[in-house]
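Note: the block below is structure27.txt and it holds compact mmCIF, N, CA and C atoms.
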```
# COMPACT_ATOMS: atom_id res chain seq x y z
N MET A 25 87.32 110.28 79.74
CA MET A 25 88.24 110.95 78.86
C MET A 25 88.78 112.17 79.58
N ASP A 26 90.05 112.42 79.45
CA ASP A 26 90.70 113.55 80.09
C ASP A 26 90.63 114.75 79.15
N LEU A 27 89.84 115.73 79.51
CA LEU A 27 89.71 116.93 78.69
C LEU A 27 90.49 118.07 79.34
N GLN A 28 91.76 118.15 79.00
CA GLN A 28 92.64 119.13 79.62
C GLN A 28 92.20 120.55 79.35
N ILE A 29 91.63 120.79 78.18
CA ILE A 29 91.20 122.15 77.84
C ILE A 29 90.12 122.63 78.81
N ILE A 30 89.24 121.73 79.23
CA ILE A 30 88.18 122.12 80.17
C ILE A 30 88.79 122.45 81.54
N ARG A 31 89.75 121.64 81.98
CA ARG A 31 90.41 121.94 83.26
C ARG A 31 91.17 123.26 83.17
N ALA A 32 91.83 123.51 82.04
CA ALA A 32 92.59 124.75 81.88
C ALA A 32 91.66 125.96 81.87
N ARG A 33 90.54 125.86 81.18
CA ARG A 33 89.58 126.96 81.16
C ARG A 33 89.04 127.25 82.55
N HIS A 34 88.72 126.19 83.28
CA HIS A 34 88.20 126.37 84.64
C HIS A 34 89.24 127.04 85.54
N ALA A 35 90.47 126.56 85.48
CA ALA A 35 91.54 127.15 86.29
C ALA A 35 91.73 128.62 85.96
N THR A 36 91.60 128.97 84.69
CA THR A 36 91.72 130.37 84.28
C THR A 36 90.54 131.18 84.81
N GLN A 37 89.33 130.62 84.70
CA GLN A 37 88.13 131.34 85.14
C GLN A 37 88.14 131.63 86.63
N ILE A 38 88.71 130.73 87.43
CA ILE A 38 88.72 130.96 88.89
C ILE A 38 89.98 131.68 89.34
N GLY A 39 90.81 132.11 88.37
CA GLY A 39 91.97 132.93 88.70
C GLY A 39 93.18 132.17 89.21
N CYS A 40 93.27 130.89 88.89
CA CYS A 40 94.41 130.09 89.35
C CYS A 40 95.43 129.82 88.25
N ALA A 41 95.15 130.28 87.05
CA ALA A 41 96.06 129.99 85.94
C ALA A 41 95.85 130.98 84.81
N GLU A 42 96.74 130.94 83.87
CA GLU A 42 96.59 131.64 82.60
C GLU A 42 96.55 130.57 81.53
N MET A 43 95.76 130.78 80.51
CA MET A 43 95.65 129.78 79.45
C MET A 43 95.91 130.44 78.11
N LEU A 44 96.68 129.77 77.31
CA LEU A 44 96.96 130.23 75.96
C LEU A 44 97.05 129.01 75.06
N ARG A 45 96.19 128.94 74.08
CA ARG A 45 96.22 127.82 73.14
C ARG A 45 97.32 128.04 72.12
N ALA A 46 97.78 126.98 71.51
CA ALA A 46 98.85 127.06 70.52
C ALA A 46 98.47 127.97 69.36
N SER A 47 97.20 128.05 69.04
CA SER A 47 96.76 128.89 67.92
C SER A 47 96.58 130.35 68.31
N ASP A 48 96.67 130.67 69.60
CA ASP A 48 96.46 132.05 70.08
C ASP A 48 97.79 132.80 70.21
N ARG A 49 98.44 133.06 69.11
CA ARG A 49 99.76 133.71 69.16
C ARG A 49 99.67 135.19 69.49
N ILE A 50 98.53 135.77 69.29
CA ILE A 50 98.39 137.21 69.52
C ILE A 50 98.49 137.53 71.01
N GLY A 51 98.01 136.65 71.88
CA GLY A 51 97.96 136.94 73.31
C GLY A 51 99.20 136.55 74.09
N ILE A 52 100.26 136.12 73.44
CA ILE A 52 101.44 135.63 74.16
C ILE A 52 102.04 136.70 75.07
N SER A 53 102.26 137.88 74.57
CA SER A 53 102.93 138.90 75.39
C SER A 53 102.08 139.31 76.58
N GLN A 54 100.75 139.39 76.40
CA GLN A 54 99.87 139.75 77.52
C GLN A 54 99.90 138.66 78.60
N ASN A 55 99.88 137.39 78.18
CA ASN A 55 99.93 136.31 79.16
C ASN A 55 101.25 136.31 79.92
N ILE A 56 102.33 136.51 79.22
CA ILE A 56 103.64 136.55 79.89
C ILE A 56 103.70 137.72 80.85
N ASP A 57 103.19 138.87 80.43
CA ASP A 57 103.18 140.03 81.33
C ASP A 57 102.39 139.73 82.61
N ARG A 58 101.25 139.07 82.48
CA ARG A 58 100.46 138.73 83.66
C ARG A 58 101.18 137.72 84.55
N LEU A 59 101.87 136.76 83.93
CA LEU A 59 102.56 135.73 84.71
C LEU A 59 103.79 136.26 85.46
N ILE A 60 104.42 137.29 84.93
CA ILE A 60 105.61 137.82 85.62
C ILE A 60 105.27 138.97 86.57
N ASP A 61 104.02 139.39 86.60
CA ASP A 61 103.58 140.43 87.53
C ASP A 61 103.51 139.83 88.93
N PRO A 62 104.31 140.33 89.88
CA PRO A 62 104.33 139.76 91.23
C PRO A 62 102.98 139.78 91.93
N ALA A 63 102.20 140.83 91.76
CA ALA A 63 100.89 140.92 92.41
C ALA A 63 99.94 139.86 91.83
N ARG A 64 99.96 139.71 90.53
CA ARG A 64 99.10 138.71 89.88
C ARG A 64 99.49 137.30 90.33
N ARG A 65 100.79 137.03 90.38
CA ARG A 65 101.26 135.71 90.83
C ARG A 65 100.88 135.46 92.28
N ALA A 66 100.96 136.47 93.11
CA ALA A 66 100.57 136.31 94.52
C ALA A 66 99.08 136.00 94.64
N ASP A 67 98.26 136.69 93.81
CA ASP A 67 96.82 136.40 93.82
C ASP A 67 96.55 134.96 93.40
N MET A 68 97.23 134.50 92.35
CA MET A 68 97.05 133.13 91.88
C MET A 68 97.44 132.13 92.97
N CYS A 69 98.56 132.37 93.62
CA CYS A 69 99.02 131.48 94.70
C CYS A 69 98.03 131.48 95.86
N ARG A 70 97.49 132.65 96.21
CA ARG A 70 96.51 132.74 97.29
C ARG A 70 95.27 131.94 96.94
N ARG A 71 94.79 132.06 95.72
CA ARG A 71 93.59 131.32 95.30
C ARG A 71 93.86 129.81 95.32
N MET A 72 95.01 129.40 94.81
CA MET A 72 95.33 127.97 94.79
C MET A 72 95.52 127.42 96.19
N GLY A 73 95.96 128.26 97.13
CA GLY A 73 96.17 127.82 98.50
C GLY A 73 94.88 127.47 99.23
N ARG A 74 93.74 127.88 98.70
CA ARG A 74 92.45 127.57 99.32
C ARG A 74 92.05 126.11 99.13
N PHE A 75 92.62 125.47 98.14
CA PHE A 75 92.23 124.09 97.82
C PHE A 75 92.96 123.10 98.72
N HIS A 76 92.24 122.06 99.07
CA HIS A 76 92.84 120.97 99.85
C HIS A 76 92.62 119.68 99.07
N PHE A 77 93.69 119.02 98.72
CA PHE A 77 93.59 117.79 97.96
C PHE A 77 94.02 116.62 98.82
N GLU A 78 93.24 115.55 98.75
CA GLU A 78 93.57 114.33 99.47
C GLU A 78 94.03 113.27 98.49
N ASP A 79 94.67 112.27 99.03
CA ASP A 79 95.09 111.12 98.24
C ASP A 79 93.85 110.27 97.99
N GLY A 80 93.39 110.20 96.74
CA GLY A 80 92.16 109.47 96.41
C GLY A 80 92.21 108.00 96.78
N ALA A 81 93.38 107.37 96.64
CA ALA A 81 93.50 105.96 96.99
C ALA A 81 93.32 105.76 98.49
N ALA A 82 93.85 106.66 99.29
CA ALA A 82 93.70 106.55 100.74
C ALA A 82 92.24 106.74 101.15
N VAL A 83 91.55 107.67 100.50
CA VAL A 83 90.14 107.90 100.80
C VAL A 83 89.32 106.66 100.45
N ALA A 84 89.58 106.07 99.29
CA ALA A 84 88.85 104.86 98.87
C ALA A 84 89.12 103.71 99.84
N ALA A 85 90.37 103.52 100.24
CA ALA A 85 90.72 102.44 101.16
C ALA A 85 90.02 102.62 102.50
N ARG A 86 89.96 103.87 102.97
CA ARG A 86 89.30 104.14 104.25
C ARG A 86 87.80 103.83 104.16
N LEU A 87 87.16 104.22 103.06
CA LEU A 87 85.73 103.92 102.88
C LEU A 87 85.47 102.42 102.83
N ILE A 88 86.31 101.70 102.10
CA ILE A 88 86.15 100.24 102.01
C ILE A 88 86.30 99.61 103.39
N TYR A 89 87.29 100.05 104.14
CA TYR A 89 87.52 99.52 105.48
C TYR A 89 86.31 99.80 106.38
N GLN A 90 85.81 101.03 106.35
CA GLN A 90 84.67 101.39 107.19
C GLN A 90 83.43 100.59 106.83
N HIS A 91 83.18 100.42 105.56
CA HIS A 91 81.98 99.69 105.14
C HIS A 91 82.12 98.19 105.36
N SER A 92 83.33 97.68 105.28
CA SER A 92 83.50 96.24 105.48
C SER A 92 83.23 95.85 106.93
N SER A 93 83.51 96.73 107.86
CA SER A 93 83.27 96.39 109.26
C SER A 93 81.84 96.71 109.69
N SER A 94 81.11 97.47 108.88
CA SER A 94 79.74 97.80 109.26
C SER A 94 78.71 96.97 108.50
N THR A 95 79.17 96.14 107.59
CA THR A 95 78.25 95.31 106.80
C THR A 95 78.48 93.85 107.16
N ARG A 96 77.40 93.15 107.40
CA ARG A 96 77.51 91.73 107.76
C ARG A 96 77.36 90.90 106.50
N ALA A 97 78.34 90.09 106.25
CA ALA A 97 78.27 89.20 105.10
C ALA A 97 77.56 87.92 105.52
N VAL A 98 76.62 87.48 104.74
CA VAL A 98 75.87 86.27 105.02
C VAL A 98 76.33 85.20 104.05
N GLN A 99 76.73 84.06 104.59
CA GLN A 99 77.17 82.96 103.75
C GLN A 99 76.08 81.92 103.65
N GLY A 100 76.10 81.22 102.55
CA GLY A 100 75.14 80.15 102.37
C GLY A 100 73.84 80.65 101.79
N PHE A 101 72.89 79.74 101.69
CA PHE A 101 71.60 80.05 101.13
C PHE A 101 70.52 79.85 102.18
N ALA A 102 69.36 80.39 101.93
CA ALA A 102 68.23 80.20 102.85
C ALA A 102 67.88 78.71 102.90
N GLN A 103 67.33 78.30 104.02
CA GLN A 103 66.95 76.90 104.18
C GLN A 103 65.89 76.53 103.15
N GLN A 104 66.16 75.46 102.41
CA GLN A 104 65.21 74.96 101.44
C GLN A 104 64.87 73.53 101.81
N GLN A 105 63.66 73.12 101.44
CA GLN A 105 63.26 71.75 101.72
C GLN A 105 64.13 70.82 100.89
N GLN A 106 64.74 69.87 101.55
CA GLN A 106 65.62 68.93 100.87
C GLN A 106 64.81 67.73 100.38
N HIS A 107 65.01 67.39 99.15
CA HIS A 107 64.39 66.21 98.56
C HIS A 107 65.49 65.19 98.32
N PRO A 108 65.28 63.96 98.75
CA PRO A 108 66.33 62.95 98.52
C PRO A 108 66.49 62.69 97.03
N SER A 109 67.72 62.46 96.63
CA SER A 109 68.00 62.13 95.23
C SER A 109 67.49 60.72 94.95
N PRO A 110 66.95 60.49 93.76
CA PRO A 110 66.47 59.14 93.44
C PRO A 110 67.64 58.18 93.30
N ALA A 111 67.39 56.94 93.64
CA ALA A 111 68.41 55.92 93.48
C ALA A 111 68.59 55.63 91.99
N PRO A 112 69.75 55.10 91.62
CA PRO A 112 69.96 54.81 90.20
C PRO A 112 68.87 53.90 89.67
N GLY A 113 68.33 54.26 88.54
CA GLY A 113 67.27 53.47 87.91
C GLY A 113 65.87 53.92 88.29
N GLU A 114 65.70 54.71 89.37
CA GLU A 114 64.38 55.20 89.76
C GLU A 114 64.02 56.40 88.90
N PRO A 115 62.72 56.61 88.62
CA PRO A 115 62.32 57.78 87.84
C PRO A 115 62.52 59.07 88.65
N LEU A 116 62.80 60.17 87.95
CA LEU A 116 62.99 61.45 88.62
C LEU A 116 61.69 61.96 89.24
N ILE A 117 60.57 61.69 88.58
CA ILE A 117 59.29 62.12 89.12
C ILE A 117 58.55 60.86 89.61
N PRO A 118 58.27 60.79 90.93
CA PRO A 118 57.60 59.60 91.45
C PRO A 118 56.17 59.49 90.95
N SER A 119 55.74 58.31 90.67
CA SER A 119 54.35 58.11 90.25
C SER A 119 53.55 57.64 91.44
N ASN A 120 52.38 58.19 91.63
CA ASN A 120 51.54 57.83 92.78
C ASN A 120 50.45 56.92 92.39
```
Turn the structure described in the file into structure tokens.
Amino acid sequence: MDLQIIRARHATQIGCAEMLRASDRIGISQNIDRLIDPARRADMCRRMGRFHFEDGAAVAARLIYQHSSSTRAVQGFAQQQQHPSPAPGEPLIPSN
């Protein structure tokens, strides 16, 4: 489940964003003031610049490729003793 509120809270806590819920009308002017402050915006950009994001699909494809060449696939089954099939009309369990 995508919990956007949790991501927004985290981004706010680490100084990469400002968060204001629809029900928080009292804090609108303070949030806008912080967002238009050049020093605050520069700090937010600096903090966000520390993150490095990769393409998740490319990472997954690379891992699959690496593991596929390092793992040996075994085909078939282990050798088992072969018992001849009974001829038509013969009992399945031989009587001695």
So which residues touch region 71-81 of chain A within 8 Å, counting only N, CA and C atoms, skipping near sequence neighbours fewer than 6 positions away, as a count of residues only? 6
Distance in Å - atom N of Cys69 (chain A) versus CA of Glu42 (chain A): 11.2 Å
Distance in Å - atom N of Arg45 (chain A) versus CA of Ile60 (chain A):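 Atom-to-atom, atom N of Arg45 (chain A) and CA of Ile60 (chain A) are spaced 17.3 Å apart.
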Report, in Å with one decimal, the straight-line distance from atom C of Gly51 (chain A) to atom C of Ala66 (chain A). 20.6 Å
How big is the axis-aligned box around the listed atoms of region 60-71 of chain A once 5 Å is added on each side, and where is its centre? Give both in Å to one decimal, as JSON.
```
{"center_x": 99.6, "center_y": 135.4, "center_z": 91.1, "size_x": 22.0, "size_y": 21.1, "size_z": 22.4}
```
